[in-house]
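A.B. asks: The structure under discussion is supplied below as structure tokens; questions concerning it will follow.
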Amino acid sequence: MRITEKLALAGSEQPTWSYEYFPPKTDDGMANLRERIQRMASWGPPAFVDITWGAGGSRPALTVELVDVAQNIFKLDTCMHLICTGMPAAQVKQALTKARSLGCQTILALRGDPPSEQEKWEATQGGFAYARDLVQYIRAEHGDYFDVGVAGYSDGHPECTDEELSIHHLKAKVDAGADFIVTQMFYDAGKFLGWVNKCRASGIEVPIIPGIMPISAWESFERRVKWSEASVPESFYRILRPLKDDEARFKMAGAKLVAEMCRTLIAGGISHLHFYTMNLEKATRQVMEELKLV
């Protein structure tokens with residue numbers, strides 16, 4: 001069953017879920033991740049798994065390897081990221097051809113971040129300037145073969161602080177042929193649901209999937225909030241800050257906070273949760289146990 005069909009069937013009383021993984025840098029990391037993907041699938045099959053293209057366009061061969069493992073060895077419907085960063089059109093064409101050969105039918109089309117050595121993002125010569133252009137290319141080359149997802153930013157995009165304009169850009173990606181939206185991480189459920197309503201009012205009708213980032217340690221929590229510029233309710237800090245040096249209690253408190261956020265989303269009509277696992281399983285497992293999904 002295609003991912004868009006699964007999303008259409010998902011219900012808020014029993015939401016579906018998915019996991020994101022990224023290509024590790026070492027052979028040992030890849031071996032460990034293969035085992036982890038298999039273990040996490042054994043909890044109850046996710047609707048799909050999502051494989052990133054690697055920061056700044058790095059490690060594309062490992063992305064393809066992970067897609068093959070998930071799709072054909074573990075028999076999980078798999079979404080492959082595809083980015084504009086460092087990707088001329090010929091390389092995008094090759095990646096899409098490879099995805100088709102592996103049986104992958106879902107692409108998350110992203111502009112991507114700049115390479116680590118580059119401060120500002122720049123379009124690659126012979127490539128694409130915006131995710132919208134990438135969506136249009138996929139549709140022109142492959143018709144409806146792929147389900148195509150795009151990114152959304154409920155807390156705003158660092159390069160576009162005008163919410164109305166940001167939603168306008170998002171709608172342009174949908175109008176170009178995107179089938180669903182996956183959002184950046186966030187922790188303010190009320191703000192997210194308000195943003196979803198604004199998206200609907202603008203004419204965006206495709207599924208909007210919240211990106212859920214589990215909380216497992218104070219340092220990584222602070223780092224990711226700073227990187228994503230996510231707004232965080234004061235209640236999170238009030239509960240988490242006193243526990244930052246107590247690893248076990250911090251993890252449990254983080255799981256409960258994220259699970260409560262998910263309950264608010266589900267009550268607000270959200271029917272699918274997309275977990276940013278960071279290639280780890282325990283923090284995600286704790287949230288899912290709190291939600292009684294496993």
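Letters for chains follow the order of the structure tokens (A, B, ...), residue numbers begin at 1 for each chain, and ligand numbers begin at 1 in the order shown.
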Need the shell around Glu164 in chain A: protein/DNA/RNA residues with any atom at most 10 Å away, counting only C-alpha atoms. Skip same-chain ones fewer than 6 positions apart. Format as a short mmCIF file (atom, residue, chain, number, x, y, z; two decimals) with N, CA, C and O atoms, in the first residue's frame?

C.D. replies:
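Final output, part01.cif:
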```cif
data_model
loop_
_atom_site.label_atom_id
_atom_site.label_comp_id
_atom_site.auth_asym_id
_atom_site.auth_seq_id
_atom_site.Cartn_x
_atom_site.Cartn_y
_atom_site.Cartn_z
N GLY A 156 8.13 28.61 11.86
CA GLY A 156 8.74 29.54 10.92
C GLY A 156 10.07 29.02 10.42
O GLY A 156 10.76 28.25 11.10
N LEU A 170 4.84 27.27 1.07
CA LEU A 170 4.45 25.88 1.28
C LEU A 170 3.35 25.47 0.31
O LEU A 170 3.40 24.39 -0.29
N LYS A 198 -4.17 27.61 9.81
CA LYS A 198 -3.83 28.65 8.84
C LYS A 198 -3.48 28.05 7.48
O LYS A 198 -3.82 28.61 6.43
N CYS A 199 -2.79 26.91 7.51
CA CYS A 199 -2.48 26.21 6.25
C CYS A 199 -3.76 25.78 5.55
O CYS A 199 -3.91 25.95 4.33
N SER A 202 -5.48 28.57 3.89
CA SER A 202 -4.80 29.03 2.68
C SER A 202 -5.10 28.14 1.48
O SER A 202 -4.69 28.45 0.35
#
```

A.B. asks: May I have the residues within 12 Å of Ile266 in chain A as a list in words, using only C-alpha atoms and disregarding those fewer than 5 positions away in the same chain?

C.D. replies: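 The residues satisfying every condition are Ala10, Gly11, Ser12, Glu13, Gln14, Pro15, Thr16, Trp17, Ala189, Gly190, Phe192, Leu193, Ile209, Pro210, Ala259, Glu260, Met261, Ser271, His272, Leu273 and Leu291 of chain A.
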
A.B. asks: Just list as a VMD selection string whatever in range 125-284 of chain A DSSP marks as strand (DSSP E or B).

C.D. replies: chain A and resid 147 to 152 157 160 180 to 185 208 to 212 272 to 276

A.B. asks: With distances taken over only C-alpha atoms, which of A:Asp179, A:Asp245, A:Glu289, A:Asp68 is nearest to Ala151 in chain A?

C.D. replies: A:Asp179

A.B. asks: What's around Ala90 in chain A at 12 Å? Count only C-alpha atoms, leave out sequence neighbours fewer than 4 positions away in its own chain, and write the answer as a list in words.

C.D. replies: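 The contact residues come out as Cys84, Gly86, Gln94, Ala95, Leu96, Thr97, Thr124, Gln125, Gly126, Gly127, Phe128, Tyr137 and Glu141 of chain A.
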
A.B. asks: Take CA of Thr106 in chain A and CA of Thr284 in chain A and report the distance between them in Å, one decimal.

C.D. replies: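 So the two atoms, CA of Thr106 in chain A and CA of Thr284 in chain A, lie 23.1 Å apart.
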
A.B. asks: Which residues are near Ser166 in chain A? Cut-off 10 Å, only C-alpha atoms, ignore same chain within fewer than 2 positions. Put them as a VMD selection string.

C.D. replies: chain A and resid 152 to 154 156 to 157 159 to 164 168 to 172 199

A.B. asks: Keeping N, CA and C atoms for every residue in the selection just given, could you write it to a file as a PDB file, in the first residue's frame?

C.D. replies:
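Saved file again.pdb follows:
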```
ATOM      1  N   GLY A 152       7.491  21.400   6.102  1.00  0.00           N
ATOM      2  CA  GLY A 152       6.742  22.548   6.602  1.00  0.00           C
ATOM      3  C   GLY A 152       7.365  23.034   7.904  1.00  0.00           C
ATOM      4  N   TYR A 153       7.118  24.301   8.245  1.00  0.00           N
ATOM      5  CA  TYR A 153       7.781  24.917   9.393  1.00  0.00           C
ATOM      6  C   TYR A 153       6.752  25.637  10.250  1.00  0.00           C
ATOM      7  N   SER A 154       6.220  24.940  11.258  1.00  0.00           N
ATOM      8  CA  SER A 154       5.177  25.540  12.095  1.00  0.00           C
ATOM      9  C   SER A 154       5.727  26.648  12.987  1.00  0.00           C
ATOM     10  N   GLY A 156       8.127  28.614  11.862  1.00  0.00           N
ATOM     11  CA  GLY A 156       8.740  29.538  10.922  1.00  0.00           C
ATOM     12  C   GLY A 156      10.075  29.018  10.421  1.00  0.00           C
ATOM     13  N   HIS A 157      10.447  29.437   9.221  1.00  0.00           N
ATOM     14  CA  HIS A 157      11.733  29.063   8.626  1.00  0.00           C
ATOM     15  C   HIS A 157      12.765  30.122   8.992  1.00  0.00           C
ATOM     16  N   GLU A 159      14.962  31.464   7.403  1.00  0.00           N
ATOM     17  CA  GLU A 159      15.180  32.430   6.321  1.00  0.00           C
ATOM     18  C   GLU A 159      13.904  33.157   5.908  1.00  0.00           C
ATOM     19  N   CYS A 160      12.801  32.875   6.604  1.00  0.00           N
ATOM     20  CA  CYS A 160      11.531  33.540   6.275  1.00  0.00           C
ATOM     21  C   CYS A 160      10.712  33.677   7.550  1.00  0.00           C
ATOM     22  N   THR A 161      10.770  34.830   8.179  1.00  0.00           N
ATOM     23  CA  THR A 161      10.071  35.041   9.448  1.00  0.00           C
ATOM     24  C   THR A 161       8.627  35.481   9.259  1.00  0.00           C
ATOM     25  N   ASP A 162       8.237  35.761   8.031  1.00  0.00           N
ATOM     26  CA  ASP A 162       6.859  36.161   7.721  1.00  0.00           C
ATOM     27  C   ASP A 162       6.012  34.896   7.578  1.00  0.00           C
ATOM     28  N   GLU A 163       5.150  34.615   8.560  1.00  0.00           N
ATOM     29  CA  GLU A 163       4.388  33.364   8.556  1.00  0.00           C
ATOM     30  C   GLU A 163       3.491  33.249   7.323  1.00  0.00           C
ATOM     31  N   GLU A 164       2.823  34.319   6.963  1.00  0.00           N
ATOM     32  CA  GLU A 164       1.931  34.283   5.807  1.00  0.00           C
ATOM     33  C   GLU A 164       2.703  33.963   4.534  1.00  0.00           C
ATOM     34  N   HIS A 168       2.561  30.657   2.116  1.00  0.00           N
ATOM     35  CA  HIS A 168       2.419  30.841   0.660  1.00  0.00           C
ATOM     36  C   HIS A 168       3.443  29.976  -0.084  1.00  0.00           C
ATOM     37  N   HIS A 169       4.691  29.974   0.395  1.00  0.00           N
ATOM     38  CA  HIS A 169       5.722  29.141  -0.234  1.00  0.00           C
ATOM     39  C   HIS A 169       5.378  27.658  -0.091  1.00  0.00           C
ATOM     40  N   LEU A 170       4.842  27.268   1.069  1.00  0.00           N
ATOM     41  CA  LEU A 170       4.454  25.878   1.281  1.00  0.00           C
ATOM     42  C   LEU A 170       3.351  25.469   0.310  1.00  0.00           C
ATOM     43  N   LYS A 171       2.378  26.333   0.139  1.00  0.00           N
ATOM     44  CA  LYS A 171       1.286  26.030  -0.800  1.00  0.00           C
ATOM     45  C   LYS A 171       1.819  25.892  -2.225  1.00  0.00           C
ATOM     46  N   ALA A 172       2.839  26.685  -2.576  1.00  0.00           N
ATOM     47  CA  ALA A 172       3.437  26.577  -3.911  1.00  0.00           C
ATOM     48  C   ALA A 172       4.041  25.192  -4.120  1.00  0.00           C
ATOM     49  N   CYS A 199      -2.792  26.909   7.506  1.00  0.00           N
ATOM     50  CA  CYS A 199      -2.480  26.210   6.252  1.00  0.00           C
ATOM     51  C   CYS A 199      -3.765  25.783   5.550  1.00  0.00           C
TER      52      CYS A 199
END
```

A.B. asks: If DSSP is run on the backbone, what residues of range 26-87 of chain A are alpha helix (DSSP H)? A reply as a PyMOL selection string would be ideal.

C.D. replies: chain A and resi 27-42+60-68

A.B. asks: Of the candidates A:Gly149, A:Glu20, A:Ala61, A:Asp28, which shows the shortest atom-to-atom distance to Met40 in chain A, using only C-alpha atoms?

C.D. replies: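 Nearest to Met40 in chain A: A:Glu20.
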
A.B. asks: Excluding Ala41 in chain A and residues on its chain fewer than 6 positions from it, collect all residues at most 12 Å away from it, counting only C-alpha atoms, and give them as a list of chain:residue names.

C.D. replies: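 Non-adjacent residues within range: A:Trp17, A:Ser18, A:Tyr19, A:Arg34, A:Glu35, A:Ala47, A:Phe48, A:Val49, A:Ala70, A:Phe74, A:Lys75, A:Leu76, A:Asp77, A:Glu281, A:Arg285, A:Val294.
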
A.B. asks: Output C-alpha atoms for every residue in the selection just made, as an mmCIF file, in the first residue's frame.

C.D. replies:
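Saved to part.cif:
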```cif
data_model
loop_
_atom_site.group_PDB
_atom_site.id
_atom_site.type_symbol
_atom_site.label_atom_id
_atom_site.label_comp_id
_atom_site.auth_asym_id
_atom_site.auth_seq_id
_atom_site.Cartn_x
_atom_site.Cartn_y
_atom_site.Cartn_z
ATOM 1 C CA TRP A 17 3.559 6.463 13.049
ATOM 2 C CA SER A 18 6.836 6.500 11.169
ATOM 3 C CA TYR A 19 10.562 6.800 11.936
ATOM 4 C CA ARG A 34 20.274 -2.139 10.585
ATOM 5 C CA GLU A 35 19.680 -4.053 13.818
ATOM 6 C CA ALA A 47 3.496 3.080 8.335
ATOM 7 C CA PHE A 48 6.849 3.902 6.764
ATOM 8 C CA VAL A 49 10.466 4.703 7.499
ATOM 9 C CA ALA A 70 14.515 -1.079 4.729
ATOM 10 C CA PHE A 74 12.884 -5.592 6.168
ATOM 11 C CA LYS A 75 9.904 -5.060 3.799
ATOM 12 C CA LEU A 76 9.115 -1.600 5.177
ATOM 13 C CA ASP A 77 7.595 1.060 2.965
ATOM 14 C CA GLU A 281 15.485 3.811 19.930
ATOM 15 C CA ARG A 285 10.207 3.800 22.700
ATOM 16 C CA VAL A 294 3.579 -0.339 21.831
#
```

A.B. asks: Calculated over only C-alpha atoms, which of the candidates A:Leu265, A:Ile270, A:Met213, A:Tyr187 has the smallest distance to Pro233 in chain A?

C.D. replies: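 Ranking A:Leu265, A:Ile270, A:Met213, A:Tyr187 by distance to Pro233 in chain A, first place goes to A:Tyr187.
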
A.B. asks: With distances taken over only C-alpha atoms, which residue among A:Val69, A:Val287, A:Leu134, A:Gly268 lies nearest Asn197 in chain A?

C.D. replies: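 The closest residue to Asn197 in chain A is A:Gly268.
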
A.B. asks: Which distance in Å separates CA of Val67 in chain A and CA of His274 in chain A, to one decimal?

C.D. replies: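 Calculated distance between CA of Val67 in chain A and CA of His274 in chain A is 17.3 Å.
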
A.B. asks: Identify, on the basis of only C-alpha atoms, every residue whose closest approach to Ile215 in chain A does not exceed 12 Å; exclude the query and any residue fewer than 6 positions from it along the same chain; express the result as a short mmCIF file (atom, residue, chain, number, x, y, z; two decimals) with C-alpha atoms, in the first residue's frame.

C.D. replies:
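Final file, around_13.cif:
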```
data_model
loop_
_atom_site.label_atom_id
_atom_site.label_comp_id
_atom_site.auth_asym_id
_atom_site.auth_seq_id
_atom_site.Cartn_x
_atom_site.Cartn_y
_atom_site.Cartn_z
CA MET A 185 10.52 19.55 15.07
CA PHE A 186 8.54 21.64 17.55
CA TYR A 187 7.33 21.49 21.16
CA PHE A 221 17.53 19.22 23.87
CA GLU A 222 19.10 22.69 24.13
CA ARG A 223 21.23 22.16 21.03
CA ARG A 224 18.31 21.05 18.85
CA VAL A 225 16.04 23.83 20.05
CA PHE A 236 9.04 22.28 29.53
CA TYR A 237 11.90 24.26 31.05
CA LEU A 240 13.26 19.65 32.71
CA LYS A 244 19.19 17.97 33.83
CA GLU A 247 19.68 11.14 33.59
CA ALA A 248 16.94 8.61 34.38
CA ARG A 249 14.43 11.12 35.75
CA PHE A 250 15.18 13.55 32.90
CA LYS A 251 14.49 10.89 30.25
CA MET A 252 11.21 9.93 31.90
CA ALA A 253 10.11 13.55 32.24
CA GLY A 254 11.06 14.22 28.63
CA ALA A 255 9.07 11.22 27.43
CA LYS A 256 6.00 12.32 29.40
CA LEU A 257 6.19 15.89 28.05
CA VAL A 258 6.52 14.77 24.44
CA ALA A 259 3.78 12.17 24.88
CA MET A 261 2.23 17.03 23.36
CA PHE A 275 9.52 10.43 15.00
CA TYR A 276 12.96 11.93 14.48
CA THR A 277 14.83 9.03 16.09
CA MET A 278 18.38 10.41 15.64
CA LEU A 280 18.36 5.91 18.66
CA GLU A 281 15.49 3.81 19.93
CA LYS A 282 15.05 4.17 23.70
CA ALA A 283 13.74 7.75 23.77
CA THR A 284 11.27 7.02 20.99
CA ARG A 285 10.21 3.80 22.70
CA GLN A 286 9.50 5.66 25.95
CA VAL A 287 7.24 8.14 24.17
#
```
